[in-house]
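K.L.:
If it helps, the file is called entry_24.cif and holds mmCIF, C-alpha atoms:
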```cif
data_target
#
loop_
_atom_site.label_atom_id
_atom_site.label_comp_id
_atom_site.auth_asym_id
_atom_site.auth_seq_id
_atom_site.Cartn_x
_atom_site.Cartn_y
_atom_site.Cartn_z
CA MET A 135 48.68 162.90 114.81
CA THR A 136 52.34 162.37 115.73
CA SER A 137 53.41 163.53 119.18
CA ILE A 138 56.00 166.26 119.58
CA ALA A 139 58.22 163.87 121.56
CA THR A 140 58.19 161.28 118.76
CA ALA A 141 58.97 163.97 116.20
CA ILE A 142 61.85 165.35 118.26
CA ARG A 143 63.26 161.88 118.80
CA SER A 144 63.27 161.36 115.02
CA VAL A 145 65.61 164.36 114.69
CA LEU A 146 67.96 163.00 117.34
CA GLU A 147 67.96 159.56 115.68
CA ALA A 148 68.90 160.93 112.24
CA SER A 149 72.59 160.28 111.68
CA GLN A 150 73.18 161.85 108.27
CA PRO A 151 73.56 165.63 108.27
CA ARG A 152 71.13 166.40 105.44
CA ASP A 153 68.51 164.08 106.91
CA LYS A 154 68.90 165.66 110.35
CA VAL A 155 68.59 169.16 108.89
CA MET A 156 65.47 168.26 106.91
CA ARG A 157 63.83 166.59 109.90
CA ALA A 158 64.71 169.51 112.17
CA ARG A 159 63.16 172.04 109.84
CA LYS A 160 60.04 169.92 109.32
CA VAL A 161 59.47 169.30 113.03
CA ALA A 162 59.86 173.00 113.85
CA ARG A 163 57.46 173.93 111.02
CA ASP A 164 54.89 171.25 111.89
CA TRP A 165 54.92 172.29 115.55
CA ARG A 166 54.45 175.94 114.61
CA LEU A 167 51.49 175.01 112.39
CA GLY A 168 49.82 172.88 115.08
CA GLN A 169 50.38 169.61 113.23
CA LEU A 170 52.04 167.80 116.15
CA ARG A 171 50.30 166.61 119.31
CA HIS A 172 51.50 168.27 122.53
CA ASP A 173 52.37 164.97 124.20
CA PHE A 174 55.66 163.77 125.63
CA ASP A 175 54.94 160.07 125.33
CA VAL A 176 58.45 158.80 124.49
CA GLY A 177 61.83 159.48 126.06
CA MET A 178 64.89 160.94 124.43
CA PRO A 179 67.90 158.78 123.50
CA ASP A 180 70.96 158.92 125.73
CA ARG A 181 72.97 160.00 122.72
CA PRO A 182 72.01 161.33 119.29
CA ALA A 183 72.92 159.43 116.15
CA ARG A 184 76.09 160.55 114.40
CA PRO A 185 77.52 160.00 110.91
CA ALA A 186 80.61 157.86 110.43
CA ARG A 187 82.56 161.06 109.74
CA PRO A 188 83.84 163.28 111.25
CA GLU A 189 85.95 161.11 113.48
CA LEU A 190 85.30 162.23 117.07
CA LEU A 191 88.46 162.68 119.13
CA PRO A 192 89.04 163.79 122.72
CA PRO A 193 89.75 167.55 122.75
CA THR A 194 93.39 166.95 123.76
CA PHE A 195 93.91 164.79 120.64
CA MET A 196 92.60 167.36 118.17
CA PRO A 197 95.16 168.54 115.59
CA ALA A 198 96.68 171.96 116.15
CA ARG A 199 94.78 174.78 114.48
CA ARG A 200 96.24 175.96 111.19
CA ARG A 201 96.57 179.64 110.39
CA ALA A 202 93.24 181.05 109.22
CA GLY A 203 94.99 183.00 106.47
CA SER A 204 95.61 179.83 104.46
CA ILE A 205 92.85 177.98 102.62
CA ALA A 206 93.53 174.89 104.72
CA GLY A 207 93.26 176.98 107.87
CA ARG A 208 90.01 178.55 106.74
CA ILE A 209 88.56 175.12 105.94
CA ALA A 210 89.56 173.90 109.40
CA MET A 211 87.93 176.91 111.03
CA LEU A 212 84.69 176.58 109.03
CA HIS A 213 84.62 172.84 109.70
CA ALA A 214 84.90 173.48 113.44
CA PHE A 215 82.00 175.95 113.25
CA ALA A 216 79.96 173.47 111.18
CA HIS A 217 80.50 170.79 113.81
CA ILE A 218 79.36 173.15 116.55
CA GLU A 219 76.19 173.98 114.61
CA PHE A 220 75.52 170.32 113.77
CA SER A 221 75.82 169.41 117.46
CA ALA A 222 73.68 172.41 118.36
CA ILE A 223 70.74 170.99 116.37
CA ASP A 224 70.67 168.02 118.73
CA LEU A 225 71.25 170.18 121.79
CA ALA A 226 68.22 172.35 121.02
CA PHE A 227 65.90 169.48 120.16
CA ASP A 228 67.04 167.49 123.17
CA MET A 229 66.34 170.53 125.37
CA ALA A 230 62.76 170.63 124.12
CA GLY A 231 62.21 166.88 124.18
CA ARG A 232 63.91 166.06 127.46
CA PHE A 233 62.54 168.92 129.56
CA GLY A 234 59.48 170.15 127.67
CA ALA A 235 56.92 167.97 129.46
CA ALA A 236 57.38 169.91 132.70
CA MET A 237 57.59 173.32 131.03
CA PRO A 238 55.14 175.75 129.42
CA ARG A 239 54.43 175.27 125.75
CA SER A 240 56.46 178.41 124.99
CA PHE A 241 59.59 176.60 126.24
CA VAL A 242 59.15 174.09 123.41
CA ASP A 243 58.40 176.93 120.97
CA ASP A 244 61.68 178.63 121.83
CA TRP A 245 63.98 175.61 121.63
CA LEU A 246 62.49 174.21 118.44
CA SER A 247 63.01 177.62 116.84
CA VAL A 248 66.63 177.47 118.02
CA GLY A 249 67.00 174.00 116.51
CA ALA A 250 65.69 175.23 113.16
CA ASP A 251 68.17 178.12 113.26
CA GLU A 252 71.05 175.74 113.99
CA ALA A 253 70.03 173.55 111.04
CA MET A 254 70.10 176.59 108.77
CA HIS A 255 73.48 177.66 110.16
CA PHE A 256 74.91 174.21 109.52
CA MET A 257 73.79 174.22 105.89
CA LEU A 258 75.26 177.69 105.29
CA LEU A 259 78.61 176.45 106.60
CA GLU A 260 78.41 173.15 104.71
CA ARG A 261 77.84 175.01 101.44
CA ARG A 262 80.74 177.31 102.20
CA LEU A 263 82.99 174.31 102.86
CA GLN A 264 81.95 172.95 99.46
CA ASP A 265 82.98 176.28 97.88
CA PHE A 266 86.49 175.46 99.14
CA GLY A 267 86.33 171.88 97.82
CA SER A 268 85.71 170.34 101.24
CA HIS A 269 82.73 169.09 103.24
CA TYR A 270 81.55 168.38 106.77
CA GLY A 271 83.24 165.19 107.96
CA ALA A 272 86.49 165.79 106.09
CA LEU A 273 88.31 166.65 109.32
CA PRO A 274 88.16 165.24 112.86
CA ALA A 275 86.08 166.94 115.54
CA HIS A 276 85.48 166.55 119.26
CA ASP A 277 82.36 165.68 121.22
CA GLY A 278 82.68 168.18 124.05
CA LEU A 279 79.30 169.80 123.44
CA TRP A 280 77.39 166.56 123.79
CA GLU A 281 79.45 165.56 126.82
CA SER A 282 78.17 168.72 128.51
CA ALA A 283 74.62 167.80 127.54
CA ALA A 284 74.98 164.29 128.93
CA ASP A 285 76.38 165.64 132.18
CA THR A 286 73.33 167.89 132.62
CA SER A 287 70.64 165.51 131.35
CA GLY A 288 68.89 165.28 134.72
CA ASP A 289 68.52 168.98 135.52
CA VAL A 290 67.02 171.62 133.25
CA LEU A 291 68.70 174.44 135.17
CA ALA A 292 72.11 172.78 134.81
CA ARG A 293 71.53 172.30 131.06
CA LEU A 294 70.49 175.94 130.64
CA ALA A 295 73.42 177.16 132.71
CA ILE A 296 76.07 175.24 130.80
CA VAL A 297 74.90 175.02 127.19
CA PRO A 298 73.39 178.38 126.23
CA MET A 299 74.74 180.48 129.10
CA VAL A 300 78.37 179.28 129.07
CA LEU A 301 79.16 177.48 125.81
CA GLU A 302 77.02 179.52 123.42
CA ALA A 303 77.81 182.73 125.28
CA ARG A 304 81.49 182.05 124.63
CA GLY A 305 80.66 182.22 120.94
CA LEU A 306 79.43 185.77 121.46
CA ASP A 307 82.84 186.64 122.92
CA VAL A 308 85.00 185.26 120.11
CA SER A 309 82.87 185.69 116.98
CA PRO A 310 83.37 189.43 116.35
CA ALA A 311 87.15 189.10 116.10
CA THR A 312 86.82 186.09 113.79
CA ILE A 313 84.36 187.95 111.57
CA GLU A 314 86.68 190.96 111.42
CA ARG A 315 89.66 188.76 110.53
CA LEU A 316 87.76 187.10 107.69
CA ALA A 317 86.64 190.48 106.37
CA ARG A 318 90.23 191.75 106.40
CA MET A 319 91.26 188.69 104.34
CA GLY A 320 88.57 189.56 101.79
CA ASP A 321 86.42 186.53 102.63
CA THR A 322 83.22 188.52 102.86
CA LYS A 323 81.02 185.47 102.21
CA SER A 324 82.34 183.55 105.24
CA ALA A 325 82.20 186.73 107.32
CA ALA A 326 78.54 187.24 106.37
CA ILE A 327 77.68 183.66 107.38
CA LEU A 328 79.35 184.06 110.79
CA THR A 329 77.65 187.43 111.25
CA ARG A 330 74.26 185.79 110.69
CA ILE A 331 75.14 183.05 113.19
CA TYR A 332 76.39 185.60 115.73
CA THR A 333 73.19 187.63 115.49
CA ASP A 334 71.01 184.54 115.97
CA GLU A 335 73.12 183.29 118.87
CA ILE A 336 72.37 186.43 120.87
CA ARG A 337 68.71 185.39 120.73
CA HIS A 338 69.58 181.79 121.65
CA VAL A 339 71.61 182.84 124.69
CA GLY A 340 68.68 185.10 125.52
CA PHE A 341 66.33 182.12 125.63
CA GLY A 342 68.74 180.38 127.99
CA SER A 343 68.96 183.39 130.28
CA LYS A 344 65.20 183.95 130.24
CA TRP A 345 64.26 180.38 131.07
CA PHE A 346 67.02 179.98 133.64
CA GLN A 347 65.84 183.03 135.56
CA GLN A 348 62.15 182.10 135.34
CA ILE A 349 62.67 178.51 136.48
CA ALA A 350 65.15 179.42 139.22
CA GLU A 351 62.85 182.08 140.65
CA SER A 352 59.86 179.72 140.50
CA GLN A 353 61.87 177.35 142.73
CA GLY A 354 62.74 180.10 145.20
CA LEU A 355 66.38 180.27 144.10
CA VAL A 356 68.58 183.31 143.59
CA ALA A 357 69.26 182.89 139.89
CA THR A 358 72.77 184.34 139.78
CA LEU A 359 74.03 182.41 142.79
CA HIS A 360 72.50 179.13 141.64
CA TRP A 361 73.98 179.61 138.17
CA GLN A 362 77.43 180.08 139.69
CA SER A 363 77.10 176.91 141.76
CA LEU A 364 76.01 174.92 138.70
CA VAL A 365 78.88 176.22 136.58
CA LYS A 366 81.38 175.28 139.29
CA ARG A 367 79.88 171.79 139.42
CA HIS A 368 79.38 171.02 135.74
CA PHE A 369 81.73 173.15 133.64
CA ARG A 370 85.20 171.75 133.07
CA GLY A 371 87.28 174.83 132.59
CA ALA A 372 87.39 178.49 133.45
CA LEU A 373 85.37 181.50 132.34
CA LYS A 374 88.06 183.57 130.69
CA PRO A 375 87.87 187.18 129.54
CA PRO A 376 87.62 189.12 127.36
CA PHE A 377 83.82 189.02 127.47
CA ASN A 378 81.53 190.64 124.94
CA ASP A 379 79.57 192.37 127.68
CA SER A 380 77.27 194.26 125.31
CA ALA A 381 76.15 191.13 123.42
CA ARG A 382 75.78 189.22 126.67
CA MET A 383 73.72 192.07 128.13
CA ASN A 384 71.48 192.03 125.03
CA ALA A 385 70.93 188.34 125.76
CA GLY A 386 70.02 189.01 129.40
CA LEU A 387 73.29 187.52 130.65
CA THR A 388 74.59 190.25 132.93
CA ARG A 389 77.93 190.37 134.75
CA ASP A 390 76.03 189.52 137.93
CA TYR A 391 76.12 185.96 136.63
CA TYR A 392 79.65 185.48 135.32
CA GLY A 393 81.74 188.31 136.78
CA ALA A 394 82.47 186.53 140.07
CA LEU A 395 83.76 183.43 138.23
CA ALA A 396 85.96 185.19 135.67
CA CYS A 397 89.66 184.28 135.81
#
```
In structure tokens, how does this file's structure come out?
P.N.:
Amino acid sequence: MTSIATAIRSVLEASQPRDKVMRARKVARDWRLGQLRHDFDVGMPDRPARPARPELLPPTFMPARRRAGSIAGRIAMLHAFAHIEFSAIDLAFDMAGRFGAAMPRSFVDDWLSVGADEAMHFMLLERRLQDFGSHYGALPAHDGLWESAADTSGDVLARLAIVPMVLEARGLDVSPATIERLARMGDTKSAAILTRIYTDEIRHVGFGSKWFQQIAESQGLVATLHWQSLVKRHFRGALKPPFNDSARMNAGLTRDYYGALAC
């Protein structure tokens, strides 16, 4: 029987999007059905495999965003979301594979379920790009999400603080306005896809908040204060309002965490 670590590593080593999606779904399903051995016998790669396209640029070299009202602008927006979801597959599987050995089995359950969700989100966006005559990889993207993962690879609390509780939580703040804008333009199909992603991301941020609090308290730390210190150390940027306080609250991310750091 294949170990869970070997299976997770196979997802991270898949470079082509469709292959990565298929492996992610299979690993999550096989784990759920008890067909993978609970053994962390191999390490995770320093960096996941990536396709030749999209070209990865530093954030400061990314082209200026086009207006979402144009087809080109909508493609650019959907492509940016697709890249986030593609990167999020690796982030979720790396979370389970890199830190799962020292965690309860339910930690692995949660993050593999997140990875399967991200794979589904990516495919929804990829199909929508194809509706517009485009595809994932047609435009450049940046690697900021994985840079945050690499910076927190040695500390599960730092990874939880930055990836689900800062970066994904930011998605909760901005998604409702984007969904509303798409609906006003009559693009109900794209709006429905982003609504599905938004709903799932509340649960994902919730897993981050839950595990951060449990692990911090098990180490005798004050969760909110330790989170703030980790964000100051590892997050390059500022926590800027407006915040979607209700969605964050539903995810267990209260203002006790982020209010003191808001600019």
K.L.:
Compare A:Asp285, A:Met156, A:Ala250, A:Leu279 by their minimum atom-to-atom distance to Asp180 of chain A, counting only C-alpha atoms, and give me the closest one.
P.N.:
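Of all the options, A:Asp285 lies closest to Asp180 of chain A.
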K.L.:
Any chance you could resolve the PyMOL selection byres ((chain A and resi 289-303) around 9) against this file and give the residues as a PyMOL selection string?
P.N.:
chain A and resi 225+229+232-233+279+282-288+304-307+335-336+338-343+345-346+349-350+360-362+364-365+368-369+373+377-378+381-382+385+387+392
K.L.:
Limited to C-alpha atoms, could you put the picked residues into a file as a PDB file, keeping the file's coordinate frame?
P.N.:
```
ATOM      1  CA  LEU A 225      71.250 170.180 121.790  1.00  0.00           C
ATOM      2  CA  MET A 229      66.340 170.530 125.370  1.00  0.00           C
ATOM      3  CA  ARG A 232      63.910 166.060 127.460  1.00  0.00           C
ATOM      4  CA  PHE A 233      62.540 168.920 129.560  1.00  0.00           C
ATOM      5  CA  LEU A 279      79.300 169.800 123.440  1.00  0.00           C
ATOM      6  CA  SER A 282      78.170 168.720 128.510  1.00  0.00           C
ATOM      7  CA  ALA A 283      74.620 167.800 127.540  1.00  0.00           C
ATOM      8  CA  ALA A 284      74.980 164.290 128.930  1.00  0.00           C
ATOM      9  CA  ASP A 285      76.380 165.640 132.180  1.00  0.00           C
ATOM     10  CA  THR A 286      73.330 167.890 132.620  1.00  0.00           C
ATOM     11  CA  SER A 287      70.640 165.510 131.350  1.00  0.00           C
ATOM     12  CA  GLY A 288      68.890 165.280 134.720  1.00  0.00           C
ATOM     13  CA  ARG A 304      81.490 182.050 124.630  1.00  0.00           C
ATOM     14  CA  GLY A 305      80.660 182.220 120.940  1.00  0.00           C
ATOM     15  CA  LEU A 306      79.430 185.770 121.460  1.00  0.00           C
ATOM     16  CA  ASP A 307      82.840 186.640 122.920  1.00  0.00           C
ATOM     17  CA  GLU A 335      73.120 183.290 118.870  1.00  0.00           C
ATOM     18  CA  ILE A 336      72.370 186.430 120.870  1.00  0.00           C
ATOM     19  CA  HIS A 338      69.580 181.790 121.650  1.00  0.00           C
ATOM     20  CA  VAL A 339      71.610 182.840 124.690  1.00  0.00           C
ATOM     21  CA  GLY A 340      68.680 185.100 125.520  1.00  0.00           C
ATOM     22  CA  PHE A 341      66.330 182.120 125.630  1.00  0.00           C
ATOM     23  CA  GLY A 342      68.740 180.380 127.990  1.00  0.00           C
ATOM     24  CA  SER A 343      68.960 183.390 130.280  1.00  0.00           C
ATOM     25  CA  TRP A 345      64.260 180.380 131.070  1.00  0.00           C
ATOM     26  CA  PHE A 346      67.020 179.980 133.640  1.00  0.00           C
ATOM     27  CA  ILE A 349      62.670 178.510 136.480  1.00  0.00           C
ATOM     28  CA  ALA A 350      65.150 179.420 139.220  1.00  0.00           C
ATOM     29  CA  HIS A 360      72.500 179.130 141.640  1.00  0.00           C
ATOM     30  CA  TRP A 361      73.980 179.610 138.170  1.00  0.00           C
ATOM     31  CA  GLN A 362      77.430 180.080 139.690  1.00  0.00           C
ATOM     32  CA  LEU A 364      76.010 174.920 138.700  1.00  0.00           C
ATOM     33  CA  VAL A 365      78.880 176.220 136.580  1.00  0.00           C
ATOM     34  CA  HIS A 368      79.380 171.020 135.740  1.00  0.00           C
ATOM     35  CA  PHE A 369      81.730 173.150 133.640  1.00  0.00           C
ATOM     36  CA  LEU A 373      85.370 181.500 132.340  1.00  0.00           C
ATOM     37  CA  PHE A 377      83.820 189.020 127.470  1.00  0.00           C
ATOM     38  CA  ASN A 378      81.530 190.640 124.940  1.00  0.00           C
ATOM     39  CA  ALA A 381      76.150 191.130 123.420  1.00  0.00           C
ATOM     40  CA  ARG A 382      75.780 189.220 126.670  1.00  0.00           C
ATOM     41  CA  ALA A 385      70.930 188.340 125.760  1.00  0.00           C
ATOM     42  CA  LEU A 387      73.290 187.520 130.650  1.00  0.00           C
ATOM     43  CA  TYR A 392      79.650 185.480 135.320  1.00  0.00           C
TER      44      TYR A 392
END
```
K.L.:
Within 6 Å of Ala162 of chain A, counting all atoms listed in the file, which residues show up once you throw out same-chain ones fewer than 3 positions away? Write them as a PDB file with C-alpha atoms, in the coordinates of the input, please.
P.N.:
```pdb
ATOM      1  CA  ARG A 159      63.160 172.040 109.840  1.00  0.00           C
ATOM      2  CA  TRP A 165      54.920 172.290 115.550  1.00  0.00           C
ATOM      3  CA  LEU A 246      62.490 174.210 118.440  1.00  0.00           C
TER       4      LEU A 246
END
```
K.L.:
For Leu191 of chain A, which residue out of A:Ala317, A:Ala275, A:Ala226, A:Leu258 is the nearest one, using all atoms listed in the file?
P.N.:
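Checking each candidate against Leu191 of chain A, we get A:Ala275 as the closest.
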K.L.:
Give me the residues near segment 182-184 of chain A as a ChimeraX atom specification, where near means some atom within 6 Å (using only C-alpha atoms) and where sequence neighbours in that chain fewer than 4 positions away do not count.
P.N.:
/A:146-149
K.L.:
Could you tell me which of A:Ser268, A:Thr358, A:Thr333, A:Ser240 comes closest to Ile205 of chain A if we count all atoms listed in the file?
P.N.:
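Smallest separation from Ile205 of chain A among the options: A:Ser268.
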K.L.:
Quick one: of A:Val248, A:Met135, A:Pro376, A:Ala396, who's nearest to Ala311 of chain A, counting all atoms listed in the file?
P.N.:
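That would be A:Pro376, the residue with the smallest distance to Ala311 of chain A.
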K.L.:
Using all atoms listed in the file, what residues lie at most 8 Å away from (84.3, 183.1, 111.9) (file coordinates), given as a PyMOL selection string?
P.N.:
chain A and resi 211-212+215+309-313+315-316+324-325+328-329
K.L.:
May I ask for the distance between atom CA of Leu395 of chain A and atom CA of Gln348 of chain A, given in Å to one decimal place?
P.N.:
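Between atom CA of Leu395 of chain A and atom CA of Gln348 of chain A the gap is 21.8 Å.
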K.L.:
Expressed in Å to a single decimal, how great is the separation between atom CA of Ser204 of chain A and atom CA of Tyr332 of chain A?
P.N.:
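Result for atom CA of Ser204 of chain A versus atom CA of Tyr332 of chain A: 23.0 Å, one decimal.
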K.L.:
For Arg261 of chain A, which residue among A:Arg152, A:Arg163, A:Glu189, A:Asp244 is the nearest when counting all atoms listed in the file?
P.N.:
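Of A:Arg152, A:Arg163, A:Glu189, A:Asp244, the one nearest Arg261 of chain A is A:Arg152, counting all atoms listed in the file.
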K.L.:
Given the choices A:Leu259, A:Ala158, A:Val308, A:Ile331, which gets closest to Ser247 of chain A if the distance is worked out from only C-alpha atoms?
P.N.:
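Closest to Ser247 of chain A, using only C-alpha atoms: A:Ala158.
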K.L.:
Could you tell me how far atom CA of Arg337 of chain A lies from atom CA of Arg370 of chain A, in Å and to one decimal?
P.N.:
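It comes out at 24.7 Å.
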K.L.:
To verify the selection step, state as a list in words which residues the PyMOL selection byres ((chain A and resi 216) around 10) yields on this input.
P.N.:
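Taken on the displayed file, the PyMOL selection byres ((chain A and resi 216) around 10) yields the residues Ala210, Met211, Leu212, His213, Ala214, Phe215, His217, Ile218, Glu219, Phe220, Ser221, Ala222, Glu252, Ala253, His255, Phe256, Met257, Leu258, Leu259, Glu260, Arg262, Leu263, His269, Tyr270, Gly271 and Ala275 of chain A.
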K.L.:
Would you translate the PyMOL selection byres ((chain A and resi 239) around 12) into the concrete set of residues it matches in this file, as JSON, numbers by chain?
P.N.:
{"A": [138, 165, 166, 168, 171, 172, 173, 174, 230, 231, 233, 234, 235, 236, 237, 238, 240, 241, 242, 243, 244, 245, 246]}
